[in-house]
Structure formats: structure tokens, C-alpha cells
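K.L.:
See target.txt below, with compact mmCIF, C-alpha atoms and all ligand atoms.
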```txt
# COMPACT_ATOMS: atom_id res chain seq x y z
CA MET A 1 0.00 0.00 0.00
CA PHE A 2 1.54 3.26 -1.17
CA ASP A 3 0.38 6.81 -0.48
CA LEU A 4 0.59 7.82 -4.13
CA VAL A 5 1.19 6.04 -7.43
CA ILE A 6 1.62 7.82 -10.75
CA ARG A 7 0.92 5.44 -13.62
CA ASN A 8 2.25 5.39 -17.18
CA ALA A 9 4.64 8.32 -17.03
CA THR A 10 7.30 9.27 -19.55
CA LEU A 11 10.48 10.41 -17.79
CA PRO A 12 12.86 13.16 -19.00
CA ASP A 13 15.47 10.53 -19.95
CA GLY A 14 13.02 8.96 -22.41
CA ARG A 15 11.86 5.93 -20.41
CA GLN A 16 8.18 5.34 -21.11
CA GLY A 17 5.40 3.48 -19.33
CA GLN A 18 6.90 4.07 -15.89
CA ASP A 19 4.95 3.91 -12.64
CA ILE A 20 6.23 5.99 -9.72
CA ALA A 21 5.31 4.82 -6.21
CA VAL A 22 5.52 7.14 -3.22
CA SER A 23 5.34 6.45 0.51
CA ALA A 24 5.12 9.49 2.76
CA ASP A 25 7.55 12.01 1.23
CA THR A 26 9.85 9.60 -0.62
CA ILE A 27 9.94 7.84 -4.00
CA ILE A 28 9.94 4.09 -3.25
CA ALA A 29 9.85 2.58 -6.74
CA VAL A 30 10.12 3.64 -10.39
CA GLU A 31 9.32 0.81 -12.80
CA PRO A 32 6.64 -0.37 -15.23
CA GLY A 33 3.50 -2.07 -13.92
CA ILE A 34 3.66 -1.50 -10.16
CA ASP A 35 0.83 -3.66 -8.83
CA ALA A 36 -0.17 -2.21 -5.49
CA GLU A 37 -2.92 -0.27 -3.79
CA ALA A 38 -2.40 3.45 -3.27
CA GLY A 39 -4.12 6.22 -1.38
CA ARG A 40 -4.18 8.22 -4.59
CA VAL A 41 -3.52 7.18 -8.17
CA ILE A 42 -2.73 9.64 -10.95
CA ASP A 43 -2.84 8.36 -14.51
CA ALA A 44 -0.18 10.26 -16.47
CA GLY A 45 -1.46 8.81 -19.72
CA GLY A 46 2.04 8.63 -21.22
CA LEU A 47 2.77 12.29 -20.51
CA LEU A 48 6.00 13.68 -19.08
CA VAL A 49 6.72 13.56 -15.35
CA SER A 50 9.73 15.67 -14.43
CA PRO A 51 11.45 16.65 -11.22
CA PRO A 52 10.34 20.17 -10.31
CA PHE A 53 11.67 23.25 -12.03
CA VAL A 54 14.47 25.11 -10.26
CA ASP A 55 15.22 28.82 -10.63
CA PRO A 56 18.85 29.44 -9.60
CA HIS A 57 18.73 33.22 -10.07
CA PHE A 58 15.91 35.43 -8.87
CA HIS A 59 15.21 38.64 -6.96
CA MET A 60 12.42 37.81 -4.54
CA ASP A 61 12.71 41.17 -2.76
CA ALA A 62 11.88 43.07 -5.96
CA THR A 63 9.31 40.80 -7.58
CA LEU A 64 5.82 42.16 -8.30
CA SER A 65 6.97 45.72 -7.52
CA LEU A 66 6.46 46.84 -11.12
CA GLY A 67 5.35 50.47 -11.25
CA LEU A 68 6.65 51.33 -7.77
CA PRO A 69 7.41 54.18 -7.45
CA ARG A 70 7.28 54.62 -11.26
CA MET A 71 7.96 52.68 -14.44
CA ASN A 72 11.40 52.17 -16.00
CA VAL A 73 11.16 54.42 -19.06
CA SER A 74 14.48 53.65 -20.75
CA GLY A 75 14.22 49.95 -19.94
CA THR A 76 17.92 49.79 -19.10
CA LEU A 77 19.73 47.95 -16.31
CA LEU A 78 21.06 51.25 -14.97
CA GLU A 79 17.63 52.94 -14.76
CA GLY A 80 16.35 49.77 -13.11
CA ILE A 81 19.07 49.99 -10.44
CA ALA A 82 18.31 53.71 -9.94
CA LEU A 83 14.58 53.00 -9.67
CA TRP A 84 15.18 50.25 -7.12
CA GLY A 85 17.26 52.80 -5.17
CA GLU A 86 14.22 55.12 -5.11
CA LEU A 87 11.90 52.35 -3.99
CA ARG A 88 14.18 50.86 -1.32
CA PRO A 89 13.68 53.48 1.44
CA THR A 90 9.92 52.94 1.25
CA LEU A 91 10.01 49.16 1.59
CA THR A 92 8.38 47.52 4.58
CA VAL A 93 8.78 43.96 5.82
CA ASP A 94 5.05 43.32 5.49
CA ALA A 95 4.81 44.51 1.89
CA LEU A 96 7.94 42.60 0.88
CA VAL A 97 6.70 39.40 2.50
CA GLU A 98 3.27 39.69 0.95
CA ARG A 99 4.58 40.21 -2.58
CA ALA A 100 7.14 37.41 -2.30
CA VAL A 101 4.78 34.83 -0.80
CA ARG A 102 2.22 35.70 -3.47
CA TYR A 103 4.86 35.18 -6.15
CA CYS A 104 5.63 31.76 -4.63
CA ASP A 105 1.96 30.80 -5.15
CA LEU A 106 2.45 31.45 -8.86
CA ALA A 107 5.75 29.55 -8.86
CA VAL A 108 4.19 26.47 -7.26
CA SER A 109 1.38 26.49 -9.85
CA LYS A 110 4.09 26.30 -12.52
CA GLY A 111 5.92 23.42 -10.83
CA LEU A 112 8.75 25.70 -9.70
CA LEU A 113 9.65 24.38 -6.24
CA ALA A 114 13.20 25.67 -5.63
CA ILE A 115 14.46 29.22 -6.01
CA ARG A 116 17.78 30.90 -5.27
CA SER A 117 17.06 34.57 -4.61
CA HIS A 118 19.54 37.39 -4.33
CA VAL A 119 18.63 39.78 -1.51
CA ASP A 120 19.81 43.36 -1.61
CA VAL A 121 22.01 44.24 1.38
CA SER A 122 22.89 47.78 0.20
CA ASP A 123 20.67 49.44 2.81
CA PRO A 124 22.26 48.67 6.18
CA ALA A 125 18.80 48.58 7.78
CA LEU A 126 18.46 45.18 6.04
CA VAL A 127 14.66 45.34 5.84
CA THR A 128 14.92 43.17 2.72
CA VAL A 129 16.90 40.50 4.57
CA GLU A 130 14.49 40.43 7.50
CA ALA A 131 11.59 40.02 5.07
CA MET A 132 13.18 37.32 2.91
CA LEU A 133 14.18 35.25 5.95
CA GLU A 134 10.51 35.35 6.98
CA VAL A 135 9.47 34.34 3.45
CA ARG A 136 11.94 31.42 3.50
CA ARG A 137 10.41 30.22 6.78
CA ARG A 138 6.82 30.55 5.54
CA VAL A 139 7.25 28.80 2.18
CA ALA A 140 9.58 26.04 3.45
CA PRO A 141 6.83 23.37 3.48
CA TYR A 142 6.36 23.69 -0.26
CA LEU A 143 9.33 25.56 -1.76
CA ASP A 144 13.09 25.53 -1.15
CA LEU A 145 14.26 29.14 -1.00
CA GLN A 146 17.99 29.92 -0.89
CA LEU A 147 19.16 33.45 -0.17
CA VAL A 148 22.22 35.29 -1.47
CA ALA A 149 23.61 38.40 0.24
CA PHE A 150 23.73 40.74 -2.74
CA PRO A 151 25.30 44.22 -2.59
CA GLN A 152 23.22 45.66 -5.44
CA ASP A 153 24.83 49.13 -5.25
CA GLY A 154 28.37 47.70 -5.21
CA TYR A 155 30.28 46.17 -2.32
CA TYR A 156 32.62 49.16 -2.07
CA ARG A 157 30.35 51.93 -3.38
CA GLY A 158 28.20 52.83 -0.41
CA PRO A 159 28.73 53.37 3.32
CA GLY A 160 28.17 50.38 5.56
CA ILE A 161 27.65 47.80 2.82
CA VAL A 162 30.74 45.73 3.69
CA GLU A 163 29.46 45.36 7.26
CA ALA A 164 25.84 44.89 6.18
CA LEU A 165 26.76 41.94 3.96
CA GLU A 166 28.44 40.10 6.86
CA ARG A 167 25.50 40.95 9.13
CA ALA A 168 23.11 39.44 6.57
CA LEU A 169 25.17 36.23 6.66
CA ASP A 170 25.04 36.28 10.46
CA MET A 171 21.25 36.59 10.27
CA GLY A 172 20.99 33.40 8.21
CA VAL A 173 21.50 34.30 4.57
CA GLU A 174 23.47 31.34 3.27
CA ILE A 175 25.31 32.45 0.10
CA VAL A 176 27.81 35.25 -0.65
CA GLY A 177 26.93 37.51 -3.59
CA GLY A 178 28.68 40.30 -5.43
CA ILE A 179 28.55 42.62 -8.43
CA PRO A 180 32.16 43.36 -9.47
CA HIS A 181 31.30 45.02 -12.80
CA PHE A 182 29.28 47.66 -10.91
CA GLU A 183 32.12 48.68 -8.60
CA ARG A 184 33.73 52.03 -9.47
CA THR A 185 36.80 50.61 -11.19
CA MET A 186 38.01 47.31 -12.59
CA GLY A 187 40.49 47.30 -9.68
CA GLU A 188 37.77 47.63 -7.05
CA GLY A 189 35.76 44.96 -8.86
CA THR A 190 38.73 42.62 -8.64
CA ALA A 191 39.24 43.44 -4.97
CA SER A 192 35.55 42.77 -4.26
CA VAL A 193 35.73 39.30 -5.83
CA GLU A 194 38.75 38.45 -3.71
CA ALA A 195 37.21 39.79 -0.50
CA LEU A 196 33.89 38.04 -1.04
CA CYS A 197 35.49 34.69 -1.93
CA ARG A 198 37.56 34.99 1.25
CA ILE A 199 34.40 35.49 3.31
CA ALA A 200 32.83 32.41 1.69
CA ALA A 201 35.95 30.33 2.36
CA ASP A 202 36.16 31.48 5.98
CA ARG A 203 32.49 30.73 6.61
CA GLY A 204 32.26 27.55 4.49
CA LEU A 205 29.61 29.05 2.22
CA ARG A 206 28.76 29.02 -1.47
CA VAL A 207 29.31 32.02 -3.76
CA ASP A 208 27.00 33.35 -6.48
CA MET A 209 27.98 36.66 -8.02
CA HIS A 210 26.38 38.79 -10.66
CA CYS A 211 29.53 38.73 -12.76
CA ASP A 212 30.17 40.84 -15.83
CA GLU A 213 26.56 41.63 -16.65
CA THR A 214 27.96 43.96 -19.28
CA ASP A 215 28.68 44.12 -22.99
CA ASP A 216 32.29 45.15 -22.32
CA PRO A 217 34.52 42.62 -24.08
CA LEU A 218 37.46 43.67 -21.90
CA SER A 219 35.79 43.12 -18.55
CA ARG A 220 37.76 40.45 -16.74
CA HIS A 221 35.78 39.59 -13.60
CA VAL A 222 34.78 36.14 -14.86
CA GLU A 223 38.45 35.21 -15.02
CA THR A 224 39.04 36.70 -11.57
CA LEU A 225 36.11 34.79 -10.05
CA ALA A 226 37.37 31.51 -11.51
CA ALA A 227 40.92 32.17 -10.33
CA GLN A 228 39.83 33.14 -6.80
CA THR A 229 37.61 30.05 -6.68
CA ILE A 230 40.70 27.89 -7.18
CA ARG A 231 42.86 30.00 -4.87
CA PHE A 232 40.40 29.67 -1.96
CA GLY A 233 39.58 26.00 -2.63
CA LEU A 234 35.96 26.80 -3.45
CA GLN A 235 35.72 24.42 -6.43
CA GLY A 236 32.15 23.26 -7.01
CA ARG A 237 30.72 25.93 -4.68
CA VAL A 238 30.84 29.00 -6.93
CA ALA A 239 28.45 30.20 -9.60
CA GLY A 240 28.85 33.15 -11.93
CA SER A 241 25.52 34.71 -12.87
CA HIS A 242 24.95 36.39 -16.25
CA LEU A 243 28.58 36.36 -17.59
CA THR A 244 27.29 38.37 -20.55
CA SER A 245 30.68 40.00 -21.26
CA MET A 246 31.70 36.60 -22.63
CA HIS A 247 29.30 37.13 -25.55
CA SER A 248 31.42 40.01 -26.78
CA MET A 249 34.89 38.73 -25.88
CA ASP A 250 37.62 37.92 -28.33
CA ASN A 251 37.48 34.24 -29.28
CA TYR A 252 41.14 33.61 -28.55
CA TYR A 253 40.75 34.95 -25.03
CA VAL A 254 37.62 32.81 -24.49
CA SER A 255 39.57 29.73 -25.57
CA LYS A 256 41.71 30.33 -22.48
CA LEU A 257 38.87 31.40 -20.19
CA LEU A 258 36.56 28.41 -20.68
CA PRO A 259 39.11 25.83 -19.47
CA LEU A 260 39.80 28.02 -16.42
CA ILE A 261 36.06 28.07 -15.57
CA ALA A 262 35.95 24.28 -16.01
CA GLU A 263 39.05 23.83 -13.83
CA ALA A 264 37.39 25.92 -11.10
CA GLN A 265 34.24 23.79 -11.41
CA MET A 266 32.47 27.12 -11.53
CA ALA A 267 28.84 26.95 -12.62
CA ALA A 268 27.25 29.43 -15.00
CA ILE A 269 23.81 30.94 -14.57
CA PRO A 270 22.71 32.84 -17.67
CA ASN A 271 19.34 34.57 -17.56
CA PRO A 272 18.17 34.52 -21.19
CA LEU A 273 15.00 36.60 -20.83
CA ILE A 274 16.75 39.45 -19.04
CA ASN A 275 19.98 39.21 -21.01
CA MET A 276 18.08 39.51 -24.29
CA MET A 277 16.15 42.46 -22.87
CA LEU A 278 19.00 44.42 -21.26
CA GLN A 279 22.18 43.66 -23.20
CA GLY A 280 23.27 45.34 -26.39
CA ARG A 281 21.56 48.56 -25.34
CA HIS A 282 24.40 50.75 -26.60
CA ASP A 283 24.48 49.03 -29.97
CA THR A 284 22.74 50.39 -33.02
CA TYR A 285 22.72 47.66 -35.67
CA PRO A 286 23.78 44.93 -35.72
CA LYS A 287 22.78 44.44 -32.07
CA ARG A 288 24.58 41.88 -29.94
CA ARG A 289 22.44 39.25 -28.25
CA GLY A 290 24.38 39.60 -25.03
CA LEU A 291 23.85 36.04 -23.85
CA THR A 292 26.88 34.17 -22.57
CA ARG A 293 28.29 31.20 -24.49
CA ILE A 294 25.93 28.46 -23.35
CA PRO A 295 26.64 25.78 -25.99
CA GLN A 296 30.41 26.23 -25.68
CA MET A 297 30.18 25.97 -21.90
CA MET A 298 28.07 22.84 -22.07
CA GLU A 299 30.60 21.28 -24.47
CA MET A 300 33.32 21.97 -21.90
CA GLY A 301 31.32 20.16 -19.22
CA ILE A 302 30.58 23.37 -17.30
CA THR A 303 27.32 23.14 -15.35
CA VAL A 304 24.85 25.64 -16.82
CA GLY A 305 21.62 26.48 -15.01
CA LEU A 306 19.18 28.98 -16.46
CA GLY A 307 17.57 31.61 -14.24
CA GLN A 308 14.60 33.87 -14.50
CA ASP A 309 16.15 36.85 -12.66
CA CYS A 310 13.09 39.10 -12.65
CA VAL A 311 9.30 38.95 -12.76
CA MET A 312 7.50 42.28 -12.97
CA ASP A 313 10.04 44.48 -11.21
CA PRO A 314 12.09 47.62 -12.02
CA TRP A 315 14.22 45.68 -14.51
CA TYR A 316 11.65 43.59 -16.36
CA SER A 317 7.95 44.20 -16.81
CA MET A 318 7.27 40.68 -18.08
CA GLY A 319 7.73 37.21 -16.54
CA THR A 320 5.39 34.38 -15.63
CA GLY A 321 7.16 32.25 -13.03
CA ASP A 322 7.58 29.61 -15.72
CA LEU A 323 11.12 28.28 -16.22
CA LEU A 324 9.98 26.84 -19.56
CA ASP A 325 9.66 30.42 -20.83
CA VAL A 326 13.34 30.79 -19.95
CA ALA A 327 14.31 27.58 -21.77
CA HIS A 328 12.16 28.60 -24.75
CA MET A 329 14.04 31.89 -25.06
CA ALA A 330 17.36 30.06 -24.67
CA VAL A 331 16.55 27.75 -27.60
CA HIS A 332 16.11 30.78 -29.85
CA ALA A 333 18.82 33.07 -28.53
CA THR A 334 21.49 30.33 -28.56
CA GLN A 335 20.18 28.64 -31.72
CA MET A 336 20.18 25.36 -29.75
CA GLY A 337 17.40 23.78 -31.78
CA SER A 338 18.29 20.10 -32.07
CA MET A 339 16.52 17.49 -29.97
CA ALA A 340 19.71 16.93 -27.96
CA ASP A 341 20.05 20.70 -27.46
CA LYS A 342 16.51 20.97 -26.14
CA ARG A 343 17.04 18.10 -23.74
CA ALA A 344 20.19 19.87 -22.52
CA LEU A 345 18.24 23.09 -21.97
CA PHE A 346 15.50 21.18 -20.13
CA ASP A 347 18.26 19.89 -17.83
CA ALA A 348 19.37 23.52 -17.40
CA VAL A 349 16.03 24.43 -15.80
CA THR A 350 15.86 21.26 -13.69
CA VAL A 351 18.78 19.00 -12.70
CA ASN A 352 21.66 21.39 -13.47
CA SER A 353 20.18 24.14 -11.34
CA ALA A 354 19.42 21.64 -8.57
CA ARG A 355 23.11 20.69 -8.61
CA ILE A 356 24.15 24.36 -8.47
CA MET A 357 21.86 24.91 -5.46
CA GLY A 358 23.09 21.70 -3.83
CA LEU A 359 19.53 20.40 -3.38
CA GLU A 360 19.49 17.06 -1.59
CA GLY A 361 17.22 14.21 -2.69
CA TYR A 362 16.33 15.94 -5.95
CA GLY A 363 15.30 13.77 -8.89
CA LEU A 364 13.10 10.84 -9.83
CA ASP A 365 15.31 8.02 -8.56
CA VAL A 366 14.31 5.64 -5.81
CA GLY A 367 15.02 7.31 -2.47
CA CYS A 368 14.61 10.85 -3.81
CA LYS A 369 12.12 13.21 -2.25
CA ALA A 370 8.70 12.85 -3.89
CA ASP A 371 8.74 16.23 -5.65
CA MET A 372 7.58 16.16 -9.29
CA VAL A 373 5.53 17.74 -12.00
CA LEU A 374 3.14 16.15 -14.51
CA LEU A 375 3.14 18.22 -17.70
CA GLN A 376 0.72 18.24 -20.61
CA ALA A 377 3.56 17.32 -23.00
CA ARG A 378 5.16 14.07 -24.10
CA ASP A 379 8.87 14.83 -23.67
CA PRO A 380 11.27 17.63 -22.65
CA ALA A 381 11.53 19.12 -26.15
CA GLU A 382 7.75 19.30 -26.37
CA ALA A 383 7.61 20.81 -22.91
CA ILE A 384 9.87 23.66 -24.05
CA ARG A 385 7.94 24.16 -27.29
CA LEU A 386 4.51 24.18 -25.66
CA ARG A 387 5.19 25.53 -22.18
CA PRO A 388 2.15 23.45 -21.31
CA ASN A 389 -0.16 23.28 -18.34
CA ARG A 390 1.18 21.64 -15.19
CA LEU A 391 -1.52 19.02 -14.64
CA ALA A 392 -0.20 18.11 -11.19
CA VAL A 393 2.56 19.50 -8.98
CA ILE A 394 3.66 17.21 -6.17
CA ARG A 395 5.71 18.21 -3.16
CA ARG A 396 6.84 15.56 -0.67
CA GLY A 397 4.20 13.16 -1.98
CA ARG A 398 1.31 15.60 -1.76
CA VAL A 399 -0.44 17.26 -4.71
CA VAL A 400 -0.01 20.98 -4.08
CA ALA A 401 -1.28 22.36 -7.40
CA GLU A 402 -3.45 21.10 -10.25
CA THR A 403 -4.34 22.61 -13.60
CA ALA A 404 -6.85 21.21 -16.06
CA PRO A 405 -5.47 20.20 -19.47
CA GLU A 406 -5.58 22.86 -22.13
CA THR A 407 -8.02 21.93 -24.89
CA SER A 408 -10.09 23.99 -27.27
CA ARG A 409 -13.53 23.18 -28.65
CA LEU A 410 -13.91 23.64 -32.39
CA ALA A 411 -17.11 24.35 -34.27
CA LEU A 412 -15.95 23.60 -37.82
CA ASP A 413 -17.92 21.39 -40.18
CA GLY A 414 -16.10 18.16 -40.87
CA ARG A 415 -13.25 18.87 -38.44
CA PRO A 416 -12.57 17.38 -34.99
CA GLN A 417 -14.46 18.91 -32.10
CA VAL A 418 -11.49 19.16 -29.78
CA VAL A 419 -7.93 20.45 -30.28
CA ASN A 420 -5.28 19.30 -27.81
CA PRO A 421 -1.99 21.14 -28.46
CA ALA A 422 0.01 18.30 -26.89
CA GLU A 423 -1.07 15.93 -29.67
CA TYR A 424 0.39 17.87 -32.56
CA ALA A 425 4.09 16.92 -32.58
CA PRO A 426 4.95 14.55 -35.43
CA ARG A 427 6.25 11.35 -33.83
CA HIS A 428 8.47 10.30 -36.71
CA GLY A 429 12.19 10.90 -36.88
CA ILE A 430 12.68 11.36 -33.14
ZN ZN B 501 20.06 39.28 -10.89
```
So that I can check it, write out the structure of this file as C-alpha cells.
P.N.:
Amino acid sequence: MFDLVIRNATLPDGRQGQDIAVSADTIIAVEPGIDAEAGRVIDAGGLLVSPPFVDPHFHMDATLSLGLPRMNVSGTLLEGIALWGELRPTLTVDALVERAVRYCDLAVSKGLLAIRSHVDVSDPALVTVEAMLEVRRRVAPYLDLQLVAFPQDGYYRGPGIVEALERALDMGVEIVGGIPHFERTMGEGTASVEALCRIAADRGLRVDMHCDETDDPLSRHVETLAAQTIRFGLQGRVAGSHLTSMHSMDNYYVSKLLPLIAEAQMAAIPNPLINMMLQGRHDTYPKRRGLTRIPQMMEMGITVGLGQDCVMDPWYSMGTGDLLDVAHMAVHATQMGSMADKRALFDAVTVNSARIMGLEGYGLDVGCKADMVLLQARDPAEAIRLRPNRLAVIRRGRVVAETAPETSRLALDGRPQVVNPAEYAPRHGI
């Protein structure tokens, strides 16, 4: 007798006709034809069951603040940072908590059950930190929230930020952030990377820096972060977010940089929606795409996780809480259109990001935590193409969100009465 059995699932690795049996909060068996009673049975009908989506780069303290105190007119990163600076003194713990918890409702409905959020520590009052720690506590039953101490205004650019960052870590924020390309000079950027990696090494923490979110081909903070990772013995614990300078770098230099990143076991977290929106702003035509070199990194064996970064905040007026939107943009912006490419990008919004976050018991293997999503799609490539409804979202063996399948009724003479978008993919040649 199991608590939950999902029947006839297709798994992301291509196995079909799989039953998944769950007792309490754990996956007990994954195999065809499990013959046992269960408290609840879900018939997947051959559709895809995936581990939950994971967003390794987000700003939970800014989400849903679009329009406060005004809209970003230029649409640039710099006006977004300035606007956030205007909003920050008016923030209250209650308002921050309410917006963030409400966003998590949306995330859960999309099967997004783990988020790494940067938290601004530029205001030494640390209202944002207090609020996000409360959010982490409240959503813990259904969503894993990791927090990064993020000096949005620059680690060395404002009074009290160096101390505030350490205080945020003392309060329970678990990852060290940074923004070297926003320091006043390349030299101060370099110094900030070194200082922040030292803090992480001393405290035994992970590092995740906004690193070279710029179109400057000569910015060198990615190299510095990789080198300091090795110097402080932080291999496997450091992620570089954005890395957009690499889009514009000289190819010879990149041929030296990629092996250094691989040697440092440094993960990369591009944010395709935001990078496409914010980069290349000083270009006329042709305009650079401004996304880092995802296919080259994957070829080198570098772990790449894709993040959402923003949903309806001073930097980005769009966003849905759906990591499949992120993967969909990545397919286009990187021209990764083959079936193997799409499977790799599906991994980038699931298992790769789980590895970057160090999530324990993540996956669909026996013994993993019973967290999963049933999608109205037949495989990962179809999931990215369709960005389909999440028919069931399961957390620790319990269904926490359900959405009815998307179908349309037709009234056309001689044509079928129902259209199901998940039944349109040609099945030949796959
Ligand atoms: Zn960010």
C-alpha cells in the first residue's frame, strides 16, 4: 500500500510506461507495472513527469513591484538599479513578505519548487533580509528558498555595505553575492571578488555573483572569479551569474577562459530573458544578443543552469514564473534547436540548477524526495515548445497544485471537435 502512485509516465530521460510509487515524502519505486494499492492514483497517460523546475537566479525582494514608485522608461539595467534605489527606502517587511509569498503561489502552480534569490544588502537597515528570511520560513513546506547576500549598489560603493553583507550572513542568509562590474573601477571589482570569496571560504559558504553583466569585451571579472575560486579552494561551490561580457569577448581569449572556468568547477547561470532584454543597449545595428556562451560551456562540461532573474520588477515588466519560458528563449537566442540541445536546456532548468543549489534528494530516482511535475507534454523538447499546463505539482508526496489540461472546442464542419496542443508533434524521426 503506497500513499501515491503515478501510472504510465514518460520520464525526461526517455523511459516510457513508468509507474512511480511514493510512501510518505519519498519515492519508493520507479518501474513499469507497479501492482499495489495506493491512497491516490494519478494516470499520467504517457505524458512527461519531471522533477520540479528550479530557478537558480531570482530577486524575490523586488518581484511584483512593477510600477513602484514609477515605471522604468528607458528599460535599461542602470535605470532599473536607480529606480530600485528610489523604492528601497519605502520598503516595509510586510509589503515585501506579501509580494514574495504571493509570487511563490504562482511559482508552485508552474511546478517551480526551488528558487535561489539574491537579496539586496545595500541598505544597512536590512529590511529586505528580514523580510526574505521570513518568506523562506513561511514557504519552506512547499518551496526551497535559498538566499544570497547581494550588494546591489556595489560592495565598495556605499557606506556600511561591507558590514551589512556580513551581518546578513550572520542573520541566516546562506550564500555570498557580489557585483564586481558595478564597482567604481576594474580594480575595485577585482578586490571585491577576492574579499567576497575569502568570506565564503572562511564561513564555508557558497558564492553566487552577478559577474560581468555587461557588454564590455574587456571586462575580466569572470576570469578573476574563476581564479579566486581555485585560490580559496571553493571548487564546485561557486556560480557566476549572467557572464554576458563573454558574448562580446575575443574568441582567442575565451579559448583560455573556458578551461579556467571548467578547472574551477564554476557553474554558469545565464538569464536569457533578461539578457536579451538588457544587453546590447548601446548598440545600433547589428545588435549583440548579449547572452553568454551556453553551448560552448556545455561542451566543456561546465554546469549551466538557467535563471529567471526578474518577474514584474524595475528591470523587467514581463515574466510568468515559468522556467519553460526561460528555456524557450534560450533555444532561440542560442540557436540550440536540435533534440539533444533541447534536452540539454531542459536539464538547465531542472537538474543542473538543482546541482548548483546543492539540493538534496532531488530527482526521480528511488530514495529521492517525492517532488515532481506532470506536464501536458510528451517529452522535454515538447515541454519547451509548448510551455504546457502543469496538470499536477507534487511536493513531498502531496499534490499541491493542479491545472486542467488545455483543450479547445472547435465548431468547424467536418473537423474534430477538440484540439489538444500536446497531440500535434509529429512522432516520426525522433
Ligand atoms: Zn540578478
K.L.:
Could you check the closest approach to Ala44 in chain A for each of A:Gln228, A:Ala392, A:Leu258, A:Pro380 and tell me which residue wins, using only C-alpha atoms?
P.N.:
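Residue with the minimum atom-to-atom distance to Ala44 in chain A: A:Ala392.
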K.L.:
From the list A:Arg378, A:Leu64, A:Ser219, A:Met300, which residue is nearest Thr185 in chain A when using all atoms listed in the file?
P.N.:
A:Ser219
K.L.:
Counting all atoms listed in the file, what are the residues, protein, DNA or RNA alike, that approach ligand ZN 501 (chain B) to within 8 Å? I want them as a list in words.
P.N.:
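Counting all atoms listed in the file, the residues within 8 Å of ligand ZN 501 (chain B) come out as His57, Phe58, His59, His118, His210, Ser241, His242, Asp309 and Cys310 of chain A.
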K.L.:
Write the selection just made, keeping C-alpha atoms, as a PDB file, keeping the file's coordinate frame?
P.N.:
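Listing of again.pdb after writing:
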```pdb
ATOM      1  CA  HIS A  57      18.730  33.220 -10.070  1.00  0.00           C
ATOM      2  CA  PHE A  58      15.910  35.430  -8.870  1.00  0.00           C
ATOM      3  CA  HIS A  59      15.210  38.640  -6.960  1.00  0.00           C
ATOM      4  CA  HIS A 118      19.540  37.390  -4.330  1.00  0.00           C
ATOM      5  CA  HIS A 210      26.380  38.790 -10.660  1.00  0.00           C
ATOM      6  CA  SER A 241      25.520  34.710 -12.870  1.00  0.00           C
ATOM      7  CA  HIS A 242      24.950  36.390 -16.250  1.00  0.00           C
ATOM      8  CA  ASP A 309      16.150  36.850 -12.660  1.00  0.00           C
ATOM      9  CA  CYS A 310      13.090  39.100 -12.650  1.00  0.00           C
TER      10      CYS A 310
END
```
K.L.:
With only C-alpha atoms as the basis for distance, which of A:Ala262, A:Val254, A:Val73, A:Ala131 is at the shortest distance from Ala100 in chain A?
P.N.:
A:Ala131
K.L.:
Determine, using only C-alpha atoms, which residues of range 80-156 of chain A have any atom at most 8 Å from an atom of range 163-174 of chain A, and tabulate each with its shortest atom pair and distance in Å to one decimal place, rows ordered by chain and then rising number, as a tab-separated table.
P.N.:
```
residue	atom	partner	partner_atom	distance
A:Val121	CA	A:Leu165	CA	5.9
A:Ser122	CA	A:Ala164	CA	7.3
A:Asp123	CA	A:Ala164	CA	7.7
A:Pro124	CA	A:Ala164	CA	5.2
A:Leu126	CA	A:Ala164	CA	7.4
A:Val129	CA	A:Ala168	CA	6.6
A:Leu133	CA	A:Gly172	CA	7.4
A:Gln146	CA	A:Glu174	CA	7.0
A:Leu147	CA	A:Val173	CA	5.4
A:Val148	CA	A:Val173	CA	6.2
A:Ala149	CA	A:Leu165	CA	6.0
A:Phe150	CA	A:Leu165	CA	7.5
A:Pro151	CA	A:Leu165	CA	7.1
```
K.L.:
Limited to C-alpha atoms, could you put the picked residues into a file as a short mmCIF file (atom, residue, chain, number, x, y, z; two decimals), in the coordinates of the input?
P.N.:
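Result file is part20.cif:
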```
data_model
loop_
_atom_site.label_atom_id
_atom_site.label_comp_id
_atom_site.auth_asym_id
_atom_site.auth_seq_id
_atom_site.Cartn_x
_atom_site.Cartn_y
_atom_site.Cartn_z
CA VAL A 121 22.01 44.24 1.38
CA SER A 122 22.89 47.78 0.20
CA ASP A 123 20.67 49.44 2.81
CA PRO A 124 22.26 48.67 6.18
CA LEU A 126 18.46 45.18 6.04
CA VAL A 129 16.90 40.50 4.57
CA LEU A 133 14.18 35.25 5.95
CA GLN A 146 17.99 29.92 -0.89
CA LEU A 147 19.16 33.45 -0.17
CA VAL A 148 22.22 35.29 -1.47
CA ALA A 149 23.61 38.40 0.24
CA PHE A 150 23.73 40.74 -2.74
CA PRO A 151 25.30 44.22 -2.59
#
```
K.L.:
Between A:Gly337, A:Pro405, A:Gly17, A:Gly363, which is the closest to Val54 in chain A once you count all atoms listed in the file?
P.N.:
A:Gly363
K.L.:
Please provide the set of residues having any atom within 8 Å of Ile356 in chain A, restricted to all atoms listed in the file, with same-chain residues fewer than 6 positions apart removed, written as JSON, numbers by chain.
P.N.:
{"A": [56, 237, 239, 267, 303, 305]}
K.L.:
I'd like to know which of A:Lys287, A:Arg355, A:His221, A:Lys256 is closest to Ala114 in chain A, using all atoms listed in the file.
P.N.:
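Distance minimum relative to Ala114 in chain A lands on A:Arg355.
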K.L.:
To one decimal in Å, tell me the separation between CA of Leu412 in chain A and CA of Tyr424 in chain A.
P.N.:
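Taking CA of Leu412 in chain A and CA of Tyr424 in chain A, their separation equals 18.1 Å.
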K.L.:
What is the CA of Asn275 in chain A to CA of Leu291 in chain A distance in Å?
P.N.:
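Value for the CA of Asn275 in chain A-CA of Leu291 in chain A distance: 5.8 Å.
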